[in-house]
>>> print(open('entry24.tsv').read())   # TSV, C-alpha atoms
chain	number	residue	atom	x	y	z
I	5	MET	CA	7.52	-4.19	112.69
I	6	LEU	CA	8.17	-4.44	109.00
I	7	SER	CA	10.66	-6.90	107.72
I	8	ARG	CA	13.22	-6.22	105.02
I	9	ALA	CA	11.38	-8.46	102.54
I	10	THR	CA	8.10	-6.54	102.97
I	11	ILE	CA	9.79	-3.19	102.28
I	12	ARG	CA	11.46	-4.57	99.16
I	13	ALA	CA	8.14	-5.89	97.78
I	14	ARG	CA	6.34	-2.59	98.37
I	15	SER	CA	9.09	-0.57	96.59
I	16	THR	CA	8.98	-2.90	93.59
I	17	ALA	CA	5.19	-2.53	93.29
I	18	GLY	CA	5.48	1.27	93.42
I	19	ALA	CA	8.08	1.27	90.68
I	20	CYS	CA	5.84	-0.88	88.47
I	21	LEU	CA	2.92	1.48	88.99
I	22	LEU	CA	5.14	4.41	88.05
I	23	CYS	CA	6.18	2.69	84.78
I	24	GLN	CA	2.59	1.94	83.93
I	25	TRP	CA	1.62	5.57	84.51
I	26	ARG	CA	4.37	6.77	82.21
I	27	SER	CA	3.39	4.24	79.52
I	28	PHE	CA	-0.29	5.24	79.40
I	29	SER	CA	0.18	9.00	79.83
I	30	VAL	CA	-0.32	11.09	76.64
I	31	SER	CA	-0.17	14.62	78.07
I	32	TYR	CA	3.45	15.39	78.62
I	33	GLN	CA	4.15	18.86	79.92
I	34	ARG	CA	6.69	19.82	77.27
I	35	LEU	CA	4.37	18.78	74.41
I	36	ALA	CA	1.30	20.48	75.83
I	37	ASN	CA	3.03	23.83	76.25
I	38	LYS	CA	4.86	23.77	72.91
I	39	THR	CA	4.14	26.91	70.86
I	40	PRO	CA	3.46	26.39	67.16
I	41	SER	CA	6.06	27.73	64.76
I	42	PRO	CA	4.98	30.64	62.54
I	43	GLN	CA	3.95	29.57	59.01
I	44	THR	CA	3.64	31.60	55.87
I	45	THR	CA	0.05	31.96	54.81
I	46	LYS	CA	-0.68	31.32	51.18
I	47	PRO	CA	-3.25	33.41	49.37
I	48	SER	CA	-6.44	31.51	48.92
I	49	THR	CA	-7.34	30.83	45.32
I	50	PRO	CA	-10.95	30.79	44.29
I	51	PRO	CA	-12.20	27.32	43.30
I	52	SER	CA	-11.95	26.74	39.59
I	53	THR	CA	-15.13	26.01	37.72
I	54	PRO	CA	-15.20	22.53	36.20
I	55	ALA	CA	-14.75	22.35	32.43
I	56	PRO	CA	-17.85	21.44	30.47
I	57	PRO	CA	-17.94	17.83	29.32
I	58	PRO	CA	-16.93	17.32	25.65
I	59	ASP	CA	-19.64	16.63	23.18
I	60	ALA	CA	-20.01	13.35	21.34
I	61	ALA	CA	-18.30	14.58	18.17
I	62	SER	CA	-15.15	15.67	20.01
I	63	ARG	CA	-15.04	12.40	21.96
I	64	ASP	CA	-15.30	10.39	18.75
I	65	ALA	CA	-12.59	12.48	17.09
I	66	ALA	CA	-10.26	12.05	20.05
I	67	SER	CA	-10.86	8.32	20.41
I	68	ALA	CA	-10.71	7.55	16.68
I	69	ALA	CA	-7.44	5.98	15.54
I	70	PRO	CA	-5.50	7.81	12.83
I	71	VAL	CA	-6.25	6.50	9.34
I	72	SER	CA	-3.23	5.42	7.31
I	73	PRO	CA	-2.74	6.78	3.78
I	74	ILE	CA	-3.35	3.33	2.32
I	75	GLU	CA	-6.67	3.00	4.16
I	76	SER	CA	-7.80	6.44	3.01
I	77	LEU	CA	-6.78	5.57	-0.55
I	78	ARG	CA	-8.73	2.35	-0.32
I	79	GLU	CA	-11.87	4.00	1.01
I	80	SER	CA	-11.85	6.74	-1.62
I	81	GLY	CA	-11.07	4.47	-4.59
I	82	PRO	CA	-13.51	2.75	-6.92
I	83	LEU	CA	-12.50	-0.69	-5.57
I	84	ALA	CA	-13.32	-0.08	-1.92
I	85	ASN	CA	-15.36	-3.29	-1.61
I	86	ALA	CA	-12.99	-5.60	-3.51
I	87	PRO	CA	-11.19	-8.43	-1.63
I	88	ARG	CA	-7.59	-7.77	-0.63
I	89	ALA	CA	-4.64	-9.51	0.94
I	90	TYR	CA	-5.22	-7.51	4.13
I	91	GLY	CA	-8.16	-6.21	6.07
I	92	LYS	CA	-11.39	-8.01	6.78
I	93	ALA	CA	-12.00	-11.28	4.95
I	94	LEU	CA	-15.08	-11.38	2.72
I	95	ASP	CA	-17.57	-14.21	2.56
I	96	THR	CA	-19.18	-13.18	-0.72
I	97	PHE	CA	-18.11	-10.89	-3.53
I	98	THR	CA	-19.40	-10.11	-7.02
I	99	PRO	CA	-17.17	-8.01	-9.30
I	100	THR	CA	-18.68	-4.90	-10.87
I	101	HIS	CA	-17.68	-2.59	-13.72
I	102	LEU	CA	-15.14	0.12	-13.05
I	103	SER	CA	-17.13	3.29	-12.41
I	104	ARG	CA	-14.15	5.64	-12.19
I	105	PRO	CA	-10.60	5.75	-13.60
I	106	ILE	CA	-7.81	4.00	-11.74
I	107	GLY	CA	-4.15	4.96	-11.62
I	108	MET	CA	-1.72	7.47	-10.14
I	109	HIS	CA	-2.53	11.18	-9.95
I	110	ASN	CA	0.97	12.31	-10.92
I	111	PRO	CA	2.57	11.54	-14.29
I	112	PRO	CA	5.34	8.90	-14.19
I	113	ASN	CA	9.01	9.70	-14.62
I	114	PRO	CA	11.93	7.40	-15.46
I	115	GLY	CA	13.87	6.39	-12.37
I	116	GLU	CA	10.86	6.22	-10.06
I	117	ASN	CA	9.83	3.12	-8.08
I	118	THR	CA	13.18	1.41	-8.55
I	119	GLY	CA	13.29	0.04	-5.01
I	120	ILE	CA	16.95	1.09	-4.77
I	121	ASP	CA	18.08	3.04	-1.71
I	122	THR	CA	19.87	6.14	-3.03
I	123	ARG	CA	20.31	7.90	0.33
I	124	THR	CA	23.70	9.12	1.44
I	125	LEU	CA	25.34	8.02	4.69
I	126	GLN	CA	24.33	11.28	6.35
I	127	GLN	CA	20.71	10.84	5.27
I	128	LYS	CA	20.69	7.26	6.53
I	129	ARG	CA	22.11	8.43	9.85
I	130	ASP	CA	19.46	11.17	10.15
I	131	ASP	CA	16.69	8.69	9.37
I	132	PHE	CA	18.13	6.22	11.88
I	133	VAL	CA	17.83	8.70	14.76
I	134	ASN	CA	14.43	10.00	13.64
I	135	TYR	CA	11.85	8.53	16.00
I	136	GLU	CA	8.85	9.42	13.79
I	137	LYS	CA	10.29	7.48	10.88
I	138	HIS	CA	10.90	4.54	13.19
I	139	LEU	CA	7.21	4.59	14.10
I	140	LYS	CA	6.19	4.67	10.43
I	141	LYS	CA	8.48	1.77	9.62
I	142	ARG	CA	7.12	-0.13	12.60
I	143	GLU	CA	3.55	0.33	11.38
I	144	MET	CA	4.57	-0.82	7.90
I	145	LEU	CA	6.22	-3.97	9.28
I	146	LYS	CA	3.21	-4.68	11.49
I	147	SER	CA	0.93	-4.38	8.47
I	148	LYS	CA	3.02	-6.83	6.46
I	149	ILE	CA	3.40	-9.36	9.26
I	150	SER	CA	-0.32	-9.35	10.09
I	151	ARG	CA	-1.37	-10.19	6.53
I	152	PRO	CA	-2.60	-13.76	6.11
I	153	TYR	CA	-0.30	-15.70	3.80
I	154	PHE	CA	-3.07	-17.61	2.01
I	155	ARG	CA	-5.53	-14.70	1.72
I	156	ASP	CA	-4.85	-14.20	-2.01
I	157	TRP	CA	-5.42	-17.89	-2.66
I	158	ARG	CA	-8.63	-17.77	-0.63
I	159	ASN	CA	-9.89	-14.80	-2.65
I	160	MET	CA	-9.54	-16.89	-5.80
I	161	GLN	CA	-12.85	-18.52	-4.94
I	162	PHE	CA	-14.67	-15.34	-6.00
I	163	HIS	CA	-15.09	-15.67	-9.78
I	164	LYS	CA	-11.56	-17.15	-10.19
I	165	GLY	CA	-10.04	-14.08	-8.56
I	166	LYS	CA	-11.62	-11.51	-10.87
I	167	THR	CA	-11.33	-8.19	-9.06
I	168	PHE	CA	-13.43	-5.99	-11.35
I	169	LEU	CA	-15.13	-6.00	-14.73
I	170	ALA	CA	-13.73	-3.94	-17.57
I	171	PRO	CA	-15.55	-0.68	-18.36
I	172	PRO	CA	-17.77	-0.86	-21.45
I	173	ARG	CA	-15.99	2.16	-23.03
I	174	LEU	CA	-12.76	4.09	-22.65
I	175	PHE	CA	-12.39	6.64	-19.91
I	176	LYS	CA	-12.04	10.23	-21.08
I	177	ALA	CA	-8.46	11.28	-21.67
I	178	ASP	CA	-8.64	14.38	-19.48
I	179	LEU	CA	-10.04	12.39	-16.54
I	180	SER	CA	-7.89	9.27	-16.83
I	181	LEU	CA	-5.09	8.62	-14.35
I	182	TYR	CA	-1.52	7.54	-15.00
I	183	PHE	CA	0.19	4.17	-15.14
I	184	PRO	CA	3.19	4.21	-12.75
I	185	ASN	CA	6.77	3.81	-13.83
I	186	LEU	CA	8.09	0.30	-13.22
I	187	HIS	CA	11.78	-0.54	-13.11
I	188	GLY	CA	13.15	-3.96	-13.98
I	189	ARG	CA	15.13	-6.12	-16.34
I	190	THR	CA	14.09	-7.02	-19.89
I	191	LEU	CA	14.90	-10.03	-22.07
I	192	ALA	CA	17.19	-7.99	-24.31
I	193	LYS	CA	20.88	-8.94	-24.19
I	194	ASP	CA	22.38	-5.45	-24.24
I	195	ASP	CA	23.66	-3.65	-21.15
I	196	ALA	CA	20.66	-1.31	-21.03
I	197	ALA	CA	18.37	-4.30	-20.50
I	198	LYS	CA	19.64	-4.84	-16.97
I	199	ALA	CA	18.02	-1.60	-15.75
I	200	ALA	CA	15.08	-0.40	-17.84
I	201	ASP	CA	12.00	1.74	-17.14
I	202	THR	CA	8.55	1.32	-18.60
I	203	THR	CA	7.76	5.04	-19.00
I	204	PRO	CA	10.08	5.73	-22.01
I	205	LEU	CA	8.64	2.66	-23.71
I	206	LEU	CA	5.00	3.62	-23.12
I	207	GLU	CA	5.29	7.26	-24.14
I	208	GLY	CA	4.16	7.91	-27.69
I	209	HIS	CA	2.59	4.44	-28.11
I	210	CYS	CA	-0.73	2.77	-27.58
I	211	SER	CA	0.23	-0.02	-25.17
I	212	VAL	CA	-1.58	-3.10	-23.95
I	213	VAL	CA	0.17	-3.77	-20.63
I	214	THR	CA	-0.25	-7.15	-18.94
I	215	VAL	CA	0.83	-7.63	-15.30
I	216	PHE	CA	1.20	-11.10	-13.76
I	217	SER	CA	3.29	-12.92	-11.18
I	218	SER	CA	2.39	-16.60	-11.52
I	219	MET	CA	1.56	-19.18	-14.17
I	220	TRP	CA	-2.13	-18.96	-13.23
I	221	ALA	CA	-2.11	-15.21	-13.77
I	222	GLU	CA	-0.21	-15.55	-17.05
I	223	ASN	CA	-2.85	-17.95	-18.35
I	224	GLN	CA	-5.52	-15.42	-17.40
I	225	ILE	CA	-3.99	-12.56	-19.37
I	226	ARG	CA	-3.63	-14.85	-22.38
I	227	THR	CA	-7.42	-14.91	-22.62
I	228	PHE	CA	-7.16	-11.19	-23.48
I	229	VAL	CA	-4.08	-10.93	-25.71
I	230	SER	CA	-2.94	-14.32	-27.02
I	231	PRO	CA	-3.23	-15.02	-30.78
I	232	GLU	CA	-5.41	-18.06	-30.05
I	233	ALA	CA	-7.88	-16.22	-27.80
I	234	ASN	CA	-7.88	-12.81	-29.48
I	235	PRO	CA	-6.50	-12.96	-33.05
I	236	VAL	CA	-8.15	-9.66	-33.98
I	237	LEU	CA	-6.12	-7.79	-31.39
I	238	GLN	CA	-2.88	-9.27	-32.71
I	239	SER	CA	-3.87	-8.17	-36.21
I	240	VAL	CA	-4.53	-4.61	-35.05
I	241	LEU	CA	-1.18	-4.47	-33.27
I	242	LYS	CA	0.71	-5.66	-36.36
I	243	GLN	CA	-1.11	-3.28	-38.71
I	244	SER	CA	-0.46	-0.24	-36.51
I	245	GLY	CA	3.04	0.26	-37.90
I	246	GLY	CA	4.72	0.15	-34.48
I	247	ARG	CA	2.37	2.67	-32.88
I	248	ALA	CA	0.62	-0.04	-30.82
I	249	GLN	CA	2.48	-2.62	-28.77
I	250	LEU	CA	2.11	-5.38	-26.19
I	251	VAL	CA	4.12	-4.93	-22.96
I	252	GLN	CA	4.41	-7.79	-20.47
I	253	VAL	CA	5.38	-7.18	-16.83
I	254	ASN	CA	6.33	-10.19	-14.70
I	255	ILE	CA	6.42	-9.25	-11.00
I	256	GLU	CA	8.51	-11.56	-8.83
I	257	GLU	CA	9.13	-9.99	-5.43
I	258	ASP	CA	10.44	-13.23	-3.94
I	259	ALA	CA	14.23	-13.34	-4.31
I	260	MET	CA	14.36	-17.09	-4.96
I	261	LYS	CA	11.65	-17.01	-7.62
I	262	ALA	CA	13.26	-14.02	-9.31
I	263	TRP	CA	16.59	-15.88	-9.39
I	264	LEU	CA	14.92	-18.88	-11.04
I	265	VAL	CA	13.28	-16.66	-13.67
I	266	ARG	CA	16.64	-15.06	-14.50
I	267	LEU	CA	18.17	-18.52	-14.67
I	268	PHE	CA	15.66	-19.64	-17.32
I	269	MET	CA	15.58	-16.44	-19.35
I	270	GLY	CA	16.86	-18.40	-22.33
I	271	SER	CA	13.63	-20.41	-22.45
I	272	LEU	CA	11.60	-17.20	-22.12
I	273	ARG	CA	13.39	-15.72	-25.13
I	274	LYS	CA	12.30	-18.73	-27.18
I	275	LYS	CA	8.65	-18.07	-26.32
I	276	VAL	CA	8.78	-14.33	-27.09
I	277	ASP	CA	9.64	-12.79	-30.46
I	278	GLU	CA	13.03	-11.13	-30.59
I	279	ASP	CA	11.46	-7.77	-31.46
I	280	ASP	CA	9.47	-7.99	-28.21
I	281	TRP	CA	12.37	-8.81	-25.89
I	282	LYS	CA	12.64	-5.18	-24.82
I	283	ARG	CA	8.91	-5.22	-23.97
I	284	TYR	CA	9.12	-8.06	-21.45
I	285	PHE	CA	9.98	-6.77	-17.95
I	286	LEU	CA	11.01	-8.71	-14.87
I	287	VAL	CA	10.23	-6.46	-11.88
I	288	THR	CA	11.48	-7.47	-8.43
I	289	LYS	CA	11.25	-4.22	-6.43
I	290	GLY	CA	9.36	-0.97	-6.23
I	291	ILE	CA	5.74	-2.24	-6.18
I	292	THR	CA	4.38	-0.42	-3.13
I	293	ASP	CA	0.96	-0.72	-1.52
I	294	GLU	CA	0.09	2.71	-2.87
I	295	ILE	CA	0.71	1.51	-6.43
I	296	ARG	CA	-1.33	-1.65	-5.89
I	297	GLU	CA	-4.26	0.30	-4.50
I	298	SER	CA	-4.08	2.96	-7.21
I	299	ILE	CA	-4.06	0.67	-10.26
I	300	GLY	CA	-6.23	-2.08	-8.76
I	301	LEU	CA	-3.46	-4.68	-8.44
I	302	LEU	CA	-5.11	-6.20	-5.38
I	303	ASN	CA	-4.40	-9.93	-5.82
I	304	SER	CA	-0.88	-11.13	-6.56
I	305	LYS	CA	-2.20	-14.42	-7.98
I	306	VAL	CA	-4.44	-12.75	-10.61
I	307	GLY	CA	-3.46	-11.34	-14.00
I	308	TYR	CA	-4.37	-7.75	-14.96
I	309	THR	CA	-4.59	-6.12	-18.38
I	310	TYR	CA	-4.34	-2.35	-18.92
I	311	LEU	CA	-4.79	-0.20	-22.00
I	312	VAL	CA	-2.39	2.76	-21.73
I	313	ASP	CA	-2.42	5.63	-24.21
I	314	HIS	CA	0.52	7.66	-25.54
I	315	ASN	CA	0.43	9.93	-22.47
I	316	CYS	CA	0.80	6.98	-20.05
I	317	ARG	CA	-2.85	7.25	-18.99
I	318	ILE	CA	-4.90	4.16	-18.12
I	319	ARG	CA	-7.92	4.34	-20.42
I	320	TRP	CA	-9.21	0.79	-19.87
I	321	ALA	CA	-8.48	-2.12	-17.52
I	322	GLY	CA	-9.44	-5.76	-17.09
I	323	SER	CA	-8.73	-8.45	-14.51
I	324	GLY	CA	-8.72	-12.24	-14.41
I	325	ASP	CA	-10.15	-14.17	-17.34
I	326	ALA	CA	-11.80	-12.36	-20.22
I	327	GLU	CA	-15.57	-12.54	-19.93
I	328	GLY	CA	-18.42	-11.37	-22.11
I	329	ASP	CA	-17.51	-8.53	-24.46
I	330	GLU	CA	-14.28	-7.55	-22.67
I	331	LYS	CA	-12.09	-8.69	-25.57
I	332	GLU	CA	-14.14	-6.67	-28.04
I	333	GLY	CA	-13.94	-3.67	-25.72
I	334	LEU	CA	-10.14	-3.95	-25.67
I	335	ILE	CA	-9.96	-4.05	-29.47
I	336	LYS	CA	-12.23	-1.03	-29.85
I	337	GLY	CA	-10.19	0.81	-27.26
I	338	VAL	CA	-6.93	0.23	-29.15
I	339	GLN	CA	-8.50	1.44	-32.38
I	340	ARG	CA	-9.91	4.51	-30.65
I	341	ILE	CA	-6.54	5.50	-29.17
I	342	LEU	CA	-4.83	5.00	-32.55
I	343	ASP	CA	-7.36	7.39	-34.07
I	344	GLU	CA	-6.63	9.94	-31.33
I	345	MET	CA	-2.90	9.64	-32.01
I	346	THR	CA	-3.51	10.25	-35.70
I	347	LYS	CA	-5.55	13.38	-34.98
I	348	GLU	CA	-2.91	14.71	-32.60
I	349	GLY	CA	-0.11	13.90	-35.02
I	350	VAL	CA	1.73	11.62	-32.60
I	351	GLY	CA	4.66	9.97	-34.33
I	352	LYS	CA	8.33	9.30	-33.82
I	353	ASN	CA	9.05	12.86	-32.65
I	354	TYR	CA	6.77	12.61	-29.66
I	355	VAL	CA	6.68	15.51	-27.21
I	356	ARG	CA	5.47	14.63	-23.77
I	357	LYS	CA	2.41	16.59	-22.60
I	358	THR	CA	1.40	15.41	-19.16
I	359	ALA	CA	0.06	17.10	-16.06
I	360	ALA	CA	-1.09	16.00	-12.65
I	361	VAL	CA	-4.73	14.99	-12.41
I	362	PRO	CA	-6.67	16.31	-9.38
I	363	GLU	CA	-8.34	13.80	-7.13
I	364	LEU	CA	-11.96	13.09	-7.97
I	365	LYS	CA	-14.35	13.87	-5.11
I	366	ALA	CA	-17.49	12.70	-6.82
I	367	GLU	CA	-18.62	9.20	-5.98
I	368	GLY	CA	-20.66	8.70	-9.12
I	369	PRO	CA	-19.46	7.11	-12.33
I	370	VAL	CA	-17.27	9.09	-14.69
I	371	ALA	CA	-18.54	9.52	-18.21
I	372	ALA	CA	-16.68	7.37	-20.74
I	373	GLN	CA	-16.02	8.03	-24.35
>>> encode(input="entry24.tsv", output="structure tokens")
Amino acid sequence: MLSRATIRARSTAGACLLCQWRSFSVSYQRLANKTPSPQTTKPSTPPSTPAPPPDAASRDAASAAPVSPIESLRESGPLANAPRAYGKALDTFTPTHLSRPIGMHNPPNPGENTGIDTRTLQQKRDDFVNYEKHLKKREMLKSKISRPYFRDWRNMQFHKGKTFLAPPRLFKADLSLYFPNLHGRTLAKDDAAKAADTTPLLEGHCSVVTVFSSMWAENQIRTFVSPEANPVLQSVLKQSGGRAQLVQVNIEEDAMKAWLVRLFMGSLRKKVDEDDWKRYFLVTKGITDEIRESIGLLNSKVGYTYLVDHNCRIRWAGSGDAEGDEKEGLIKGVQRILDEMTKEGVGKNYVRKTAAVPELKAEGPVAAQ
């Protein structure tokens, strides 16, 4: 006879076995007999053939970074291997003669390169919301920030900063490039002296233009044009009857240094003849990288001397201290341009005859006169 406890134990064991069977069972009746729902059949597409791998030239073109206009101008110019304030630092450098003309391809005009923002409010607003211009400005700021501060001083170890040697003869007039318009303040005391351009002063004259931005650079250009170092040049300038002139350009892009120069303009007037006050320029803005690359103004601590004819073309150029026969070459160049002006009848009633010069594709030297 079964007791009540035995019956209760057997019923509990049967219930546990039933739970275990339900836990381990995977073939429920309602899931096994479930009919699949109808699905829309998609048309089968034939497998696409893989695209052929790109060749090496296309891969290089796609992976190559875009070249900036300044870099392309540097690579195509005659001073591609000269040391600069940016780019790769050089361990050795030996200056060579200019093999091709330097300068701008378009003739200068008064009012250019002033560094003054003349945009209207609408134009400023349009530029502010233009993403492409933001990218260009970003690249420009990155280029300026990444430039080593002491690179120009370090490049002074190469022949006292001499960037190139002067050409032995003048470049041909029809192949020479233009000197850019520079905007600044002169030593003259009239109202027009506060905002003057170099182009109206250079047109119709044979001009020896010196560019410097430090006392070291000013001492270097004195080896070309000072009465003590080159008295023959001063004699030629005085005997030209006003057709030849000496123009000095002092570039001070630092606001504090420019303020100090303006503060001591009285002392500068004592060093320069009163007739030459209008030929001394203090330039604080407008010197772009394109201008520096075009005219060879590659080191801000070095002085540069240019011989510009009556059509604002650079016919001869020198850098650093005068060496060898560079002073004699400058004198002969001034006399040659004065003879050309006489043949062309250039006088007080000068009529400007300038045209854009196409870019030179040849890598060889240009014949000089």
>>> closest_residue(input="entry24.tsv", among="I:Val306, I:Val240, I:Val213, I:Met108", to="Trp320 of chain I", atoms="all atoms listed in the file")
I:Val213
>>> closest_atom_pairs(input="entry24.tsv", of="segment 308-359 of chain I", to="segment 158-176 of chain I", cutoff="9 Å", atoms="all atoms listed in the file", output="JSON lines")
{"residue": "I:Ile318", "atom": "CA", "partner": "I:Phe175", "partner_atom": "CA", "distance": 8.1}
{"residue": "I:Arg319", "atom": "CA", "partner": "I:Phe175", "partner_atom": "CA", "distance": 5.1}
{"residue": "I:Trp320", "atom": "CA", "partner": "I:Leu174", "partner_atom": "CA", "distance": 5.6}
{"residue": "I:Ala321", "atom": "CA", "partner": "I:Ala170", "partner_atom": "CA", "distance": 5.6}
{"residue": "I:Gly322", "atom": "CA", "partner": "I:Ala170", "partner_atom": "CA", "distance": 4.7}
{"residue": "I:Ser323", "atom": "CA", "partner": "I:Lys166", "partner_atom": "CA", "distance": 5.6}
{"residue": "I:Gly324", "atom": "CA", "partner": "I:Lys166", "partner_atom": "CA", "distance": 4.6}
{"residue": "I:Asp325", "atom": "CA", "partner": "I:Lys166", "partner_atom": "CA", "distance": 7.1}
{"residue": "I:Glu327", "atom": "CA", "partner": "I:Leu169", "partner_atom": "CA", "distance": 8.4}
{"residue": "I:Asp329", "atom": "CA", "partner": "I:Pro172", "partner_atom": "CA", "distance": 8.2}
{"residue": "I:Glu330", "atom": "CA", "partner": "I:Ala170", "partner_atom": "CA", "distance": 6.3}
{"residue": "I:Gly333", "atom": "CA", "partner": "I:Pro172", "partner_atom": "CA", "distance": 6.4}
{"residue": "I:Leu334", "atom": "CA", "partner": "I:Ala170", "partner_atom": "CA", "distance": 8.9}
{"residue": "I:Lys336", "atom": "CA", "partner": "I:Arg173", "partner_atom": "CA", "distance": 8.4}
{"residue": "I:Gly337", "atom": "CA", "partner": "I:Leu174", "partner_atom": "CA", "distance": 6.2}
{"residue": "I:Arg340", "atom": "CA", "partner": "I:Leu174", "partner_atom": "CA", "distance": 8.5}
>>> write_last_selection(input="entry24.tsv", atoms="C-alpha atoms", output="PDB file, keeping the file's coordinate frame")
ATOM      1  CA  ILE I 318      -4.900   4.160 -18.120  1.00  0.00           C
ATOM      2  CA  ARG I 319      -7.920   4.340 -20.420  1.00  0.00           C
ATOM      3  CA  TRP I 320      -9.210   0.790 -19.870  1.00  0.00           C
ATOM      4  CA  ALA I 321      -8.480  -2.120 -17.520  1.00  0.00           C
ATOM      5  CA  GLY I 322      -9.440  -5.760 -17.090  1.00  0.00           C
ATOM      6  CA  SER I 323      -8.730  -8.450 -14.510  1.00  0.00           C
ATOM      7  CA  GLY I 324      -8.720 -12.240 -14.410  1.00  0.00           C
ATOM      8  CA  ASP I 325     -10.150 -14.170 -17.340  1.00  0.00           C
ATOM      9  CA  GLU I 327     -15.570 -12.540 -19.930  1.00  0.00           C
ATOM     10  CA  ASP I 329     -17.510  -8.530 -24.460  1.00  0.00           C
ATOM     11  CA  GLU I 330     -14.280  -7.550 -22.670  1.00  0.00           C
ATOM     12  CA  GLY I 333     -13.940  -3.670 -25.720  1.00  0.00           C
ATOM     13  CA  LEU I 334     -10.140  -3.950 -25.670  1.00  0.00           C
ATOM     14  CA  LYS I 336     -12.230  -1.030 -29.850  1.00  0.00           C
ATOM     15  CA  GLY I 337     -10.190   0.810 -27.260  1.00  0.00           C
ATOM     16  CA  ARG I 340      -9.910   4.510 -30.650  1.00  0.00           C
TER      17      ARG I 340
END
>>> closest_residue(input="entry24.tsv", among="I:Trp157, I:Tyr308, I:Trp220, I:Phe183", to="Pro105 of chain I", atoms="all atoms listed in the file")
I:Phe183
>>> closest_residue(input="entry24.tsv", among="I:Gly245, I:Gly307, I:Leu205, I:Leu191", to="Phe268 of chain I", atoms="all atoms listed in the file")
I:Leu191
>>> closest_residue(input="entry24.tsv", among="I:Ala248, I:Ala93, I:Met144, I:Ile335", to="Val229 of chain I", atoms="all atoms listed in the file")
I:Ile335
>>> atom_distance(input="entry24.tsv", atom1="atom CA of Tyr90 of chain I", atom2="atom CA of Arg151 of chain I")
5.3 Å
>>> closest_atom_pairs(input="entry24.tsv", of="segment 189-270 of chain I", to="segment 282-291 of chain I", cutoff="8 Å", atoms="all atoms listed in the file", output="tab-separated table")
residue	atom	partner	partner_atom	distance
I:Arg189	CA	I:Leu286	CA	5.1
I:Thr190	CA	I:Phe285	CA	4.6
I:Leu191	CA	I:Lys282	CA	6.0
I:Ala192	CA	I:Lys282	CA	5.4
I:Ala197	CA	I:Lys282	CA	7.2
I:Leu205	CA	I:Arg283	CA	7.9
I:Leu250	CA	I:Arg283	CA	7.2
I:Val251	CA	I:Arg283	CA	4.9
I:Gln252	CA	I:Tyr284	CA	4.8
I:Val253	CA	I:Phe285	CA	4.8
I:Asn254	CA	I:Leu286	CA	4.9
I:Ile255	CA	I:Val287	CA	4.8
I:Glu256	CA	I:Thr288	CA	5.1
I:Glu257	CA	I:Thr288	CA	4.6
I:Asp258	CA	I:Thr288	CA	7.4
I:Ala259	CA	I:Thr288	CA	7.7
I:Ala262	CA	I:Thr288	CA	6.8
>>> atom_distance(input="entry24.tsv", atom1="atom CA of Lys331 of chain I", atom2="atom CA of Ala221 of chain I")
16.8 Å
